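final_3.csv (CSV, C-alpha atoms) appears below.
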```
chain,number,residue,atom,x,y,z
S,1,MET,CA,62.1,-59.3,-65.7
S,2,GLN,CA,62.6,-56.1,-63.9
S,3,PRO,CA,60.2,-54.9,-61.1
S,4,MET,CA,57.8,-52.1,-61.9
S,5,ARG,CA,58.8,-48.8,-60.3
S,6,VAL,CA,56.0,-47.1,-58.3
S,7,ASP,CA,56.2,-43.6,-56.8
S,8,TRP,CA,53.9,-43.1,-53.7
S,9,VAL,CA,52.6,-39.6,-53.4
S,10,ALA,CA,50.9,-38.6,-50.0
S,11,SER,CA,48.1,-36.0,-50.1
S,12,PRO,CA,46.2,-34.6,-47.1
S,13,PRO,CA,42.6,-35.9,-46.6
S,14,VAL,CA,39.8,-33.9,-47.9
S,15,PRO,CA,38.4,-31.8,-44.9
S,16,LEU,CA,34.8,-32.3,-43.9
S,17,ARG,CA,34.3,-28.5,-43.7
S,18,PRO,CA,35.9,-26.0,-46.1
S,19,TYR,CA,39.0,-24.5,-44.7
S,20,ARG,CA,38.7,-20.9,-43.6
S,21,PRO,CA,41.9,-19.0,-42.8
S,22,ARG,CA,41.9,-17.5,-39.4
S,23,ARG,CA,42.1,-13.7,-39.2
S,24,PRO,CA,45.1,-12.4,-37.4
S,25,GLU,CA,44.5,-11.1,-34.0
S,26,PRO,CA,44.6,-7.3,-33.8
S,27,HIS,CA,47.7,-6.0,-32.2
S,28,TYR,CA,47.1,-4.6,-28.7
S,29,SER,CA,48.2,-1.0,-28.6
S,30,GLY,CA,47.3,-0.3,-25.0
S,31,PRO,CA,44.2,0.8,-23.1
S,32,PRO,CA,42.1,3.5,-24.7
S,33,ALA,CA,43.1,7.0,-23.9
S,34,TYR,CA,40.7,9.9,-23.2
S,35,PRO,CA,41.5,13.5,-23.6
S,36,ALA,CA,39.5,14.3,-20.4
S,37,PRO,CA,37.8,12.4,-17.6
S,38,PRO,CA,34.8,10.7,-19.3
S,39,ARG,CA,31.3,11.7,-18.4
S,40,TRP,CA,30.1,8.1,-18.4
S,41,GLY,CA,31.1,5.3,-16.0
S,42,PHE,CA,29.9,2.9,-13.5
S,43,PRO,CA,26.9,4.0,-11.5
S,44,ALA,CA,27.3,4.9,-7.8
S,45,LEU,CA,26.9,1.7,-5.7
S,46,THR,CA,26.1,3.3,-2.4
S,47,TRP,CA,22.4,2.5,-2.8
S,48,ARG,CA,23.0,-1.2,-3.5
S,49,TRP,CA,22.6,-3.8,-0.8
S,50,PRO,CA,25.6,-5.9,0.2
S,51,THR,CA,25.8,-9.4,-1.4
S,52,ALA,CA,28.6,-10.8,0.6
S,53,VAL,CA,26.3,-12.6,3.0
S,54,PRO,CA,23.9,-15.2,1.4
S,55,GLY,CA,20.4,-13.8,1.4
S,56,ALA,CA,21.6,-10.2,2.0
S,57,ASP,CA,21.1,-9.2,-1.7
S,58,LYS,CA,17.4,-8.9,-1.0
S,59,PRO,CA,16.5,-5.4,0.4
S,60,VAL,CA,15.1,-5.5,3.9
S,61,ALA,CA,11.8,-3.6,4.3
S,62,GLN,CA,12.0,-0.9,6.9
S,63,PRO,CA,9.1,-0.2,9.3
S,64,VAL,CA,8.3,3.0,7.5
S,65,ASP,CA,8.1,1.2,4.1
S,66,ARG,CA,5.8,-1.4,5.7
S,67,MET,CA,3.7,1.4,7.1
S,68,ARG,CA,3.4,3.0,3.7
S,69,ALA,CA,2.4,-0.3,2.2
S,70,LEU,CA,-0.3,-0.9,4.8
S,71,ALA,CA,-1.6,2.6,4.4
S,72,GLY,CA,-1.8,2.0,0.6
S,73,SER,CA,-4.0,-1.0,1.3
S,74,ALA,CA,-6.1,0.5,4.2
S,75,LEU,CA,-7.1,3.7,2.4
S,76,PRO,CA,-9.0,2.0,-0.5
S,77,LEU,CA,-10.6,-0.4,1.9
S,78,PHE,CA,-11.9,2.4,4.1
S,79,TRP,CA,-13.3,4.2,1.1
S,80,ILE,CA,-14.9,1.0,-0.2
S,81,THR,CA,-16.4,0.4,3.3
S,82,GLY,CA,-17.8,3.9,3.4
S,83,ALA,CA,-19.3,3.6,-0.1
S,84,ALA,CA,-20.8,0.1,0.7
S,85,ALA,CA,-22.2,1.3,4.0
S,86,ALA,CA,-23.8,4.4,2.4
S,87,PHE,CA,-25.3,2.1,-0.3
S,88,THR,CA,-26.7,-0.2,2.4
S,89,ALA,CA,-28.1,2.8,4.3
S,90,ALA,CA,-29.8,4.0,1.1
S,91,ALA,CA,-31.3,0.5,0.5
S,92,GLU,CA,-32.6,0.5,4.1
S,93,LEU,CA,-34.1,3.9,3.5
S,94,LEU,CA,-35.9,2.6,0.4
S,95,ARG,CA,-37.2,-0.3,2.3
S,96,TYR,CA,-38.6,1.9,5.1
S,97,ILE,CA,-40.3,4.1,2.5
S,98,LEU,CA,-41.9,1.1,0.9
S,99,LEU,CA,-43.1,0.0,4.3
S,100,LEU,CA,-44.8,3.4,4.8
S,101,VAL,CA,-46.4,3.3,1.3
S,102,SER,CA,-47.6,-0.3,1.8
S,103,ARG,CA,-49.9,0.7,4.6
S,104,ASN,CA,-52.3,2.3,2.1
S,105,ALA,CA,-51.4,0.7,-1.2
S,106,VAL,CA,-50.3,-2.6,-2.7
S,107,LEU,CA,-46.7,-2.5,-4.0
S,108,PRO,CA,-45.5,-4.4,-7.1
S,109,ALA,CA,-43.7,-7.6,-6.5
S,110,GLY,CA,-40.8,-6.5,-8.7
S,111,LEU,CA,-40.2,-3.4,-6.6
S,112,LEU,CA,-40.2,-5.4,-3.4
S,113,HIS,CA,-37.7,-8.0,-4.8
S,114,THR,CA,-35.4,-5.2,-6.0
S,115,SER,CA,-35.5,-3.6,-2.5
S,116,ASP,CA,-34.7,-7.0,-0.9
S,117,ALA,CA,-31.8,-7.6,-3.3
S,118,LEU,CA,-30.3,-4.2,-2.6
S,119,VAL,CA,-30.5,-4.7,1.2
S,120,VAL,CA,-29.0,-8.2,0.9
S,121,THR,CA,-26.2,-7.1,-1.4
S,122,GLY,CA,-25.2,-4.3,0.9
S,123,GLY,CA,-25.5,-6.5,3.9
S,124,VAL,CA,-23.0,-8.9,2.5
S,125,ILE,CA,-20.5,-6.4,1.0
S,126,THR,CA,-20.4,-4.0,4.0
S,127,PRO,CA,-19.4,-6.5,6.7
S,128,VAL,CA,-16.7,-8.1,4.5
S,129,SER,CA,-15.1,-4.8,3.5
S,130,ALA,CA,-15.4,-3.4,7.1
S,131,ALA,CA,-13.7,-6.5,8.5
S,132,LEU,CA,-10.8,-6.2,5.9
S,133,ALA,CA,-10.5,-2.5,6.6
S,134,ALA,CA,-10.4,-3.0,10.3
S,135,LEU,CA,-7.7,-5.7,10.0
S,136,VAL,CA,-5.4,-3.7,7.8
S,137,GLY,CA,-6.1,-0.6,9.9
S,138,ILE,CA,-5.1,-2.3,13.1
S,139,LEU,CA,-1.9,-3.5,11.4
S,140,TRP,CA,-1.2,0.0,10.2
S,141,LEU,CA,-1.8,1.4,13.7
S,142,LEU,CA,0.7,-1.0,15.3
S,143,ARG,CA,3.3,-0.2,12.6
S,144,ALA,CA,2.7,3.5,13.0
S,145,ARG,CA,3.3,3.3,16.7
S,146,GLN,CA,6.6,1.6,16.1
S,147,VAL,CA,7.7,4.2,13.5
S,148,ALA,CA,6.6,7.1,15.7
S,149,GLY,CA,8.6,5.7,18.6
S,150,GLU,CA,11.7,5.3,16.5
S,151,LEU,CA,11.5,8.8,15.1
S,152,THR,CA,11.1,10.4,18.6
S,153,GLY,CA,13.2,8.0,20.6
S,154,THR,CA,10.3,7.0,22.8
S,155,ARG,CA,8.4,3.8,23.6
S,156,PRO,CA,4.6,3.5,23.8
S,157,ASP,CA,3.1,2.9,27.2
S,158,ARG,CA,0.7,0.2,26.1
S,159,PRO,CA,2.0,-3.0,24.4
S,160,ASN,CA,0.5,-4.1,21.2
S,161,TRP,CA,-1.7,-6.8,22.7
S,162,GLN,CA,-3.4,-4.3,24.9
S,163,VAL,CA,-4.2,-2.1,21.9
S,164,VAL,CA,-5.6,-5.0,19.9
S,165,ALA,CA,-7.6,-6.2,22.9
S,166,GLY,CA,-9.0,-2.7,23.5
S,167,LEU,CA,-10.2,-2.6,19.9
S,168,LEU,CA,-12.0,-5.9,20.1
S,169,ILE,CA,-13.5,-6.1,23.6
S,170,PRO,CA,-17.0,-4.6,23.8
S,171,GLY,CA,-17.2,-1.6,26.1
S,172,VAL,CA,-13.5,-1.1,26.2
S,173,ASN,CA,-13.4,-0.3,22.5
S,174,LEU,CA,-15.5,2.8,23.2
S,175,LEU,CA,-12.6,4.5,24.9
S,176,LEU,CA,-9.3,2.8,24.2
S,177,PRO,CA,-9.1,3.4,20.4
S,178,GLY,CA,-9.5,7.1,20.8
S,179,ALA,CA,-6.9,7.2,23.6
S,180,THR,CA,-4.4,5.2,21.6
S,181,LEU,CA,-4.8,7.5,18.6
S,182,ALA,CA,-4.4,10.5,20.9
S,183,GLU,CA,-1.1,9.1,22.2
S,184,LEU,CA,0.0,8.4,18.6
S,185,GLU,CA,-0.9,12.0,17.6
S,186,HIS,CA,0.9,13.3,20.7
S,187,THR,CA,4.1,11.4,19.7
S,188,ILE,CA,3.9,12.3,16.0
S,189,LEU,CA,3.7,16.0,16.8
S,190,GLU,CA,6.7,15.6,19.1
S,191,LYS,CA,5.1,17.1,22.2
S,192,PRO,CA,6.7,16.6,25.6
S,193,PRO,CA,6.3,13.0,26.8
S,194,ALA,CA,5.4,14.2,30.3
S,195,GLU,CA,2.5,16.2,29.0
S,196,ARG,CA,-1.0,14.7,28.9
S,197,PRO,CA,-2.1,13.8,25.4
S,198,LYS,CA,-4.8,16.1,24.2
S,199,PRO,CA,-6.7,14.9,21.0
S,200,SER,CA,-7.1,17.3,18.2
S,201,ARG,CA,-10.5,18.5,17.0
S,202,GLU,CA,-10.6,16.1,14.1
S,203,LEU,CA,-9.6,13.2,16.4
S,204,SER,CA,-12.2,14.2,18.9
S,205,GLN,CA,-14.9,14.2,16.3
S,206,TRP,CA,-13.8,10.8,15.1
S,207,TRP,CA,-13.8,9.5,18.6
S,208,LEU,CA,-17.4,10.7,19.2
S,209,ILE,CA,-18.7,9.2,15.9
S,210,TRP,CA,-16.9,6.0,16.7
S,211,ALA,CA,-18.4,5.6,20.1
S,212,VAL,CA,-21.9,6.5,18.9
S,213,SER,CA,-21.6,4.0,16.0
S,214,LEU,CA,-20.6,1.2,18.3
S,215,LEU,CA,-23.6,2.0,20.6
S,216,VAL,CA,-26.0,2.1,17.7
S,217,SER,CA,-24.6,-1.1,16.2
S,218,GLY,CA,-25.1,-2.9,19.6
S,219,ILE,CA,-28.6,-1.6,19.9
S,220,THR,CA,-29.4,-2.7,16.4
S,221,LEU,CA,-28.1,-6.2,17.1
S,222,LEU,CA,-30.2,-6.5,20.2
S,223,TRP,CA,-33.2,-5.0,18.5
S,224,SER,CA,-33.1,-7.7,15.8
S,225,LEU,CA,-33.9,-10.3,18.5
S,226,ARG,CA,-37.4,-8.8,19.0
S,227,THR,CA,-40.4,-10.1,17.2
S,228,GLY,CA,-43.4,-8.3,15.8
S,229,VAL,CA,-44.3,-6.1,12.8
S,230,GLN,CA,-43.6,-2.9,14.6
S,231,ALA,CA,-40.2,-4.2,15.9
S,232,GLN,CA,-39.2,-5.1,12.4
S,233,ALA,CA,-40.2,-1.7,11.1
S,234,ASP,CA,-38.2,0.0,13.8
S,235,GLY,CA,-35.3,-2.4,13.1
S,236,VAL,CA,-35.1,-1.0,9.6
S,237,LEU,CA,-34.5,2.5,11.1
S,238,TRP,CA,-31.8,1.1,13.4
S,239,HIS,CA,-30.1,-0.6,10.5
S,240,LEU,CA,-30.3,2.7,8.6
S,241,ALA,CA,-28.7,4.6,11.4
S,242,ALA,CA,-26.0,2.0,12.0
S,243,ASP,CA,-25.0,1.9,8.3
S,244,ALA,CA,-24.9,5.7,8.0
S,245,LEU,CA,-22.7,6.0,11.0
S,246,LEU,CA,-20.4,3.2,9.7
S,247,ALA,CA,-20.0,5.1,6.5
S,248,LEU,CA,-19.1,8.2,8.4
S,249,VAL,CA,-16.6,6.4,10.6
S,250,ALA,CA,-14.9,4.8,7.5
S,251,ILE,CA,-14.5,8.1,5.8
S,252,ARG,CA,-13.2,9.8,8.9
S,253,SER,CA,-10.8,6.9,9.5
S,254,ALA,CA,-9.4,7.3,6.0
S,255,ARG,CA,-8.8,11.0,6.6
S,256,LEU,CA,-7.1,10.4,9.9
S,257,LEU,CA,-4.9,7.6,8.5
S,258,LYS,CA,-3.9,9.7,5.5
S,259,ARG,CA,-3.0,12.6,7.8
S,260,TYR,CA,-0.9,10.6,10.3
S,261,ASN,CA,0.8,8.7,7.5
S,262,ALA,CA,1.8,12.0,5.8
S,263,LEU,CA,3.3,13.2,9.1
S,264,LEU,CA,5.3,10.1,9.7
S,265,ALA,CA,6.4,9.6,6.1
S,266,PRO,CA,6.1,12.9,4.3
S,267,VAL,CA,7.9,11.7,1.2
S,268,ASN,CA,6.5,8.8,-0.7
S,269,PRO,CA,8.8,7.3,-3.4
S,270,ALA,CA,5.8,6.1,-5.4
S,271,THR,CA,4.6,9.7,-5.9
S,272,VAL,CA,8.0,11.2,-6.8
S,273,ARG,CA,8.0,12.5,-10.4
S,274,ARG,CA,10.8,10.9,-12.5
S,275,PHE,CA,12.7,13.0,-15.0
S,276,GLU,CA,14.4,11.9,-18.2
S,277,LEU,CA,17.5,13.6,-19.6
S,278,ILE,CA,16.8,14.9,-23.1
S,279,SER,CA,19.8,17.1,-23.9
S,280,VAL,CA,22.7,18.8,-22.2
S,281,ARG,CA,23.3,22.5,-23.0
S,282,GLY,CA,26.0,24.8,-21.9
S,283,ALA,CA,28.3,21.9,-20.8
S,284,GLU,CA,32.0,22.7,-20.2
S,285,LEU,CA,34.4,21.7,-23.0
S,286,PRO,CA,37.2,19.2,-22.4
S,287,LEU,CA,40.4,20.6,-21.1
S,288,LEU,CA,42.6,18.7,-23.5
S,289,PRO,CA,42.3,18.4,-27.3
S,290,ARG,CA,40.3,15.5,-28.4
S,291,ARG,CA,42.3,12.6,-29.9
S,292,GLU,CA,41.0,9.9,-32.2
S,293,ARG,CA,40.7,6.4,-30.9
S,294,PRO,CA,43.3,4.0,-32.4
S,295,LYS,CA,41.7,1.9,-35.1
S,296,ASP,CA,43.4,-1.3,-33.9
S,297,ALA,CA,42.3,-0.7,-30.2
S,298,VAL,CA,40.3,-3.5,-28.6
S,299,ARG,CA,36.7,-2.6,-28.3
```
As C-alpha cells, the full file:
Amino acid sequence: MQPMRVDWVASPPVPLRPYRPRRPEPHYSGPPAYPAPPRWGFPALTWRWPTAVPGADKPVAQPVDRMRALAGSALPLFWITGAAAAFTAAAELLRYILLLVSRNAVLPAGLLHTSDALVVTGGVITPVSAALAALVGILWLLRARQVAGELTGTRPDRPNWQVVAGLLIPGVNLLLPGATLAELEHTILEKPPAERPKPSRELSQWWLIWAVSLLVSGITLLWSLRTGVQAQADGVLWHLAADALLALVAIRSARLLKRYNALLAPVNPATVRRFELISVRGAELPLLPRRERPKDAVR
C-alpha cells in the first residue's frame, strides 16, 4: 500500500480591510519659482510683542492706554451723574410746587406718592453715580499727571496721596482740586516750569462752580438737622440748589476731562477708521515673464 501524495499550497490570509494600493509620492522638482518678487508674504512682525520670556507674550498696557480706558469709563459716569442730578432737582422742584399749592388746596394722594417716588429714586441714583464718577475721575487724574510728566520730562510737585487727601478732606477740597487741575493744565500746555500756573477761563469757571457746590451741599446737610415745617420746606430749596449745582459740576467735569484727555492722547485707536482693500488698479507689471507652476510641485 502506497502512501497518499498530498501537495500543500500556502495562501496569504484574507485581510480585515480591503487592500488599497498606495499612490506613489510625487517627485520633488524643487521649490516653487516666481517670475518676480511675490506681493504676498509674511506680515511685518515689528508690532508683535516678544515671546522669548514666559509671560511676555501679553502686551503691557502703557500709562496713556490706561488713561484712555479710564477716560472712556469716567465720561459716561459724569454724564449719568449730571442727568441723575438734574432729574433729582426737577423732582425737588415739583415737591416744592406741591408744598405751595397744598397751603390753599388739598392734593390727591397719587400725586404726592408720585412726587415722593421721584425724589427717592433720584436720591438713590445720584449719590451712587456721583461716587462712581468721583472714583474713576480721581484715578484718571492720577494717571493723567503721570502721562503729562512723562511727555514733558517733569515731575509733579505734589505726590498722589496729597492729591487724594485734598479731594476728600472738607475745606481743603475747596482749593486743592482746582490748583491740581491748574498744574496739570500748565504741564499739558508745556508752559515753562518756573512760571506760576494760571488756570484757563473754563477751568476757573469749573473751580468756582465746584466750590459753590461743596458749600451748598454742606449747608444742605446741616439744614437737614433742623426740625419744623418751615425748615423742611426750606430744606427742599437747599436740596434743589445742591442737585442743580451737582449736575452743572458733572457736566463741566466731563468737558474738562475730554479736553485734557484729547491734549494728552490726541489719537485714539478706537476711533480710527479702518479701510478694506477692494481692488488694485494701475499696479506695475512683473519684470520677468510669468511661468507656469510645475504640476508635480509640492503644494
What is the distance between atom CA of S:Gly82 and atom CA of S:Ala250, in Å to one decimal?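 One can read the atom CA of S:Gly82 to atom CA of S:Ala250 distance as 5.1 Å.
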So that I can check the surroundings of S:Ala241, please list as a PyMOL selection string every protein, DNA and RNA residue that reaches within 9 Å of it, counting all atoms listed in the file and ignoring chain neighbours fewer than 4 positions away. chain S and resi 89+213+216-217+220+236-237+245-246
For S:Ser253, which residue out of S:Gln62, S:Thr152, S:Thr126, S:Ser204 is the nearest one, using all atoms listed in the file?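 Using all atoms listed in the file, S:Ser253 sits closest to S:Ser204.
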So what do you get for atom CA of S:Arg155 versus atom CA of S:Glu185, distance-wise? 13.8 Å
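Checking S:Ile138, S:Ala36, S:Ala144, S:Leu94 one by one against S:Ala117, counting all atoms listed in the file, you find the shortest gap at S:Leu94.
Pairwise distance (atom CA of S:Ala91, atom CA of S:Leu107) equals 16.3 Å.
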Using all atoms listed in the file, which of the listed residues (S:Asn160, S:Ala84, S:Arg103, S:Gly149) sits closest to S:Val128? S:Ala84
Restricting the calculation to all atoms listed in the file: of S:Ile188, S:Leu203, S:Ala85, S:Leu93, which residue gets closest to S:Val124? S:Ala85
Compile the contact shell of stretch 173-184 of chain S as a list in words: residues with an atom at most 7 Å away, counting all atoms listed in the file, same-chain residues fewer than 6 positions apart removed. Arg145, Gly166, Leu167, Pro197, Lys198, Pro199, Trp207 and Ala211 of chain S
Might you pull out every residue within 10 Å of S:Leu225, with only C-alpha atoms counted and same-chain residues fewer than 6 positions away left off, and present them as an MDAnalysis selection string? chainID S and resid 231:232 235
Which of these, S:Arg95, S:Arg143, S:Arg281, S:His27, has the shortest distance to S:Arg66 once you count all atoms listed in the file?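 The answer is S:Arg143, which sits nearest to S:Arg66.
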Can you find the residues with an atom no farther than 12 Å from (-11.2, -2.2, 7.8), counting all atoms listed in the file, and report them as a ChimeraX atom specification? /S:70-71,73-82,126-141,246-247,249-251,253-254,257
Taking C-alpha atoms for each residue, export the selection above as a PDB file, keeping the file's coordinate frame.
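Generated output (out-v6.pdb):
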```pdb
ATOM      1  CA  LEU S  70      -0.300  -0.900   4.800  1.00  0.00           C
ATOM      2  CA  ALA S  71      -1.600   2.600   4.400  1.00  0.00           C
ATOM      3  CA  SER S  73      -4.000  -1.000   1.300  1.00  0.00           C
ATOM      4  CA  ALA S  74      -6.100   0.500   4.200  1.00  0.00           C
ATOM      5  CA  LEU S  75      -7.100   3.700   2.400  1.00  0.00           C
ATOM      6  CA  PRO S  76      -9.000   2.000  -0.500  1.00  0.00           C
ATOM      7  CA  LEU S  77     -10.600  -0.400   1.900  1.00  0.00           C
ATOM      8  CA  PHE S  78     -11.900   2.400   4.100  1.00  0.00           C
ATOM      9  CA  TRP S  79     -13.300   4.200   1.100  1.00  0.00           C
ATOM     10  CA  ILE S  80     -14.900   1.000  -0.200  1.00  0.00           C
ATOM     11  CA  THR S  81     -16.400   0.400   3.300  1.00  0.00           C
ATOM     12  CA  GLY S  82     -17.800   3.900   3.400  1.00  0.00           C
ATOM     13  CA  THR S 126     -20.400  -4.000   4.000  1.00  0.00           C
ATOM     14  CA  PRO S 127     -19.400  -6.500   6.700  1.00  0.00           C
ATOM     15  CA  VAL S 128     -16.700  -8.100   4.500  1.00  0.00           C
ATOM     16  CA  SER S 129     -15.100  -4.800   3.500  1.00  0.00           C
ATOM     17  CA  ALA S 130     -15.400  -3.400   7.100  1.00  0.00           C
ATOM     18  CA  ALA S 131     -13.700  -6.500   8.500  1.00  0.00           C
ATOM     19  CA  LEU S 132     -10.800  -6.200   5.900  1.00  0.00           C
ATOM     20  CA  ALA S 133     -10.500  -2.500   6.600  1.00  0.00           C
ATOM     21  CA  ALA S 134     -10.400  -3.000  10.300  1.00  0.00           C
ATOM     22  CA  LEU S 135      -7.700  -5.700  10.000  1.00  0.00           C
ATOM     23  CA  VAL S 136      -5.400  -3.700   7.800  1.00  0.00           C
ATOM     24  CA  GLY S 137      -6.100  -0.600   9.900  1.00  0.00           C
ATOM     25  CA  ILE S 138      -5.100  -2.300  13.100  1.00  0.00           C
ATOM     26  CA  LEU S 139      -1.900  -3.500  11.400  1.00  0.00           C
ATOM     27  CA  TRP S 140      -1.200   0.000  10.200  1.00  0.00           C
ATOM     28  CA  LEU S 141      -1.800   1.400  13.700  1.00  0.00           C
ATOM     29  CA  LEU S 246     -20.400   3.200   9.700  1.00  0.00           C
ATOM     30  CA  ALA S 247     -20.000   5.100   6.500  1.00  0.00           C
ATOM     31  CA  VAL S 249     -16.600   6.400  10.600  1.00  0.00           C
ATOM     32  CA  ALA S 250     -14.900   4.800   7.500  1.00  0.00           C
ATOM     33  CA  ILE S 251     -14.500   8.100   5.800  1.00  0.00           C
ATOM     34  CA  SER S 253     -10.800   6.900   9.500  1.00  0.00           C
ATOM     35  CA  ALA S 254      -9.400   7.300   6.000  1.00  0.00           C
ATOM     36  CA  LEU S 257      -4.900   7.600   8.500  1.00  0.00           C
TER      37      LEU S 257
END
```
